[in-house]
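**Q** I'd like to ask you about the structure that follows.
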Amino acid sequence: MVILYTILVVLAGILVLLNTYPGVLSDAGLKSKRPARGRATMFDVRHLLMEGERDMAIQVYCEIFKTTPIKAKKDVEDLERSLKV
């Protein structure tokens, strides 16, 4: 009987800890770098460039300004050059 109570107390403690720190078991650290569709800004493009995600920055730029990927690539490369100055 003592063993049963010990196991129940330990399990209850684990449940309390998991509810206190919800990110322990979730994929909170693996969140996508891409901003939500329709909510992206130039700050997001800049941030993606600084993270080394050039292709994703080009896609986001296309969404923001409704341009072709070729024009977006040129503009993002210009932006990238200006950030490295």
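All residue names refer to the structure tokens as shown: chains lettered A, B, ... in order, residues numbered from 1 in each chain, ligands numbered from 1 in order.
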Mind checking DSSP for chain A and telling me the helix (DSSP H, G or I) residues as a ChimeraX atom specification?

**A** /A:2-20,28-30,42-50,54-65,69-83

**Q** List the neighbours of Gly38 of chain A out to 12 Å using only C-alpha atoms; skip same-chain residues closer than 2 positions along the sequence, and give me the result as a list of chain:residue names.

**A**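 Selected residues are A:Arg34, A:Pro35, A:Ala36, A:Ala40, A:Thr41, A:Asp44, A:Val60, A:Tyr61, A:Cys62, A:Glu63, A:Ile64, A:Phe65, A:Lys66.
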
**Q** Output C-alpha atoms of each residue in that selection to a file, as a short mmCIF file (atom, residue, chain, number, x, y, z; two decimals), in the first residue's frame.

**A**
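New file again36.cif:
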```cif
data_model
loop_
_atom_site.label_atom_id
_atom_site.label_comp_id
_atom_site.auth_asym_id
_atom_site.auth_seq_id
_atom_site.Cartn_x
_atom_site.Cartn_y
_atom_site.Cartn_z
CA ARG A 34 8.62 32.14 -41.25
CA PRO A 35 6.15 34.82 -40.14
CA ALA A 36 2.43 34.16 -40.38
CA ALA A 40 4.96 39.75 -42.57
CA THR A 41 6.83 43.05 -42.58
CA ASP A 44 10.81 40.01 -40.86
CA VAL A 60 8.37 36.73 -47.73
CA TYR A 61 9.38 39.78 -49.80
CA CYS A 62 7.32 38.40 -52.70
CA GLU A 63 4.31 38.06 -50.41
CA ILE A 64 4.66 41.58 -48.99
CA PHE A 65 5.10 43.46 -52.26
CA LYS A 66 3.39 41.00 -54.66
#
```

**Q** If we count only C-alpha atoms, what is near Val76 of chain A at a cut-off of 8 Å, once residues fewer than 5 positions away on the same chain are taken out, given as number ranges by chain?

**A** A: 54, 57-58, 61

**Q** For the selection just defined, write its residues with N, CA and C atoms to a file, as a short mmCIF file (atom, residue, chain, number, x, y, z; two decimals), in the first residue's frame.

**A**
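Heads up, here's the output in out-v2.cif:
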```
data_model
loop_
_atom_site.label_atom_id
_atom_site.label_comp_id
_atom_site.auth_asym_id
_atom_site.auth_seq_id
_atom_site.Cartn_x
_atom_site.Cartn_y
_atom_site.Cartn_z
N ARG A 54 18.14 33.40 -46.68
CA ARG A 54 17.92 34.26 -47.84
C ARG A 54 16.72 33.82 -48.67
N ALA A 57 13.58 34.74 -47.03
CA ALA A 57 13.42 36.20 -47.08
C ALA A 57 12.88 36.62 -48.44
N ILE A 58 13.34 35.98 -49.49
CA ILE A 58 12.84 36.30 -50.84
C ILE A 58 11.37 35.94 -50.96
N TYR A 61 9.38 38.52 -49.05
CA TYR A 61 9.38 39.78 -49.80
C TYR A 61 8.36 39.72 -50.94
#
```

**Q** Quick one: residues within 8 Å of Glu80 of chain A, only C-alpha atoms counted, chain neighbours fewer than 4 positions away excluded, as a PyMOL selection string?

**A** chain A and resi 46+49+76+84

**Q** Given only C-alpha atoms as the basis, pick out the residue of A:Glu51, A:Val45, A:Asn19, A:Leu11 nearest to Glu77 of chain A.

**A**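 Looking at the shortest contact to Glu77 of chain A, the residue is A:Val45.
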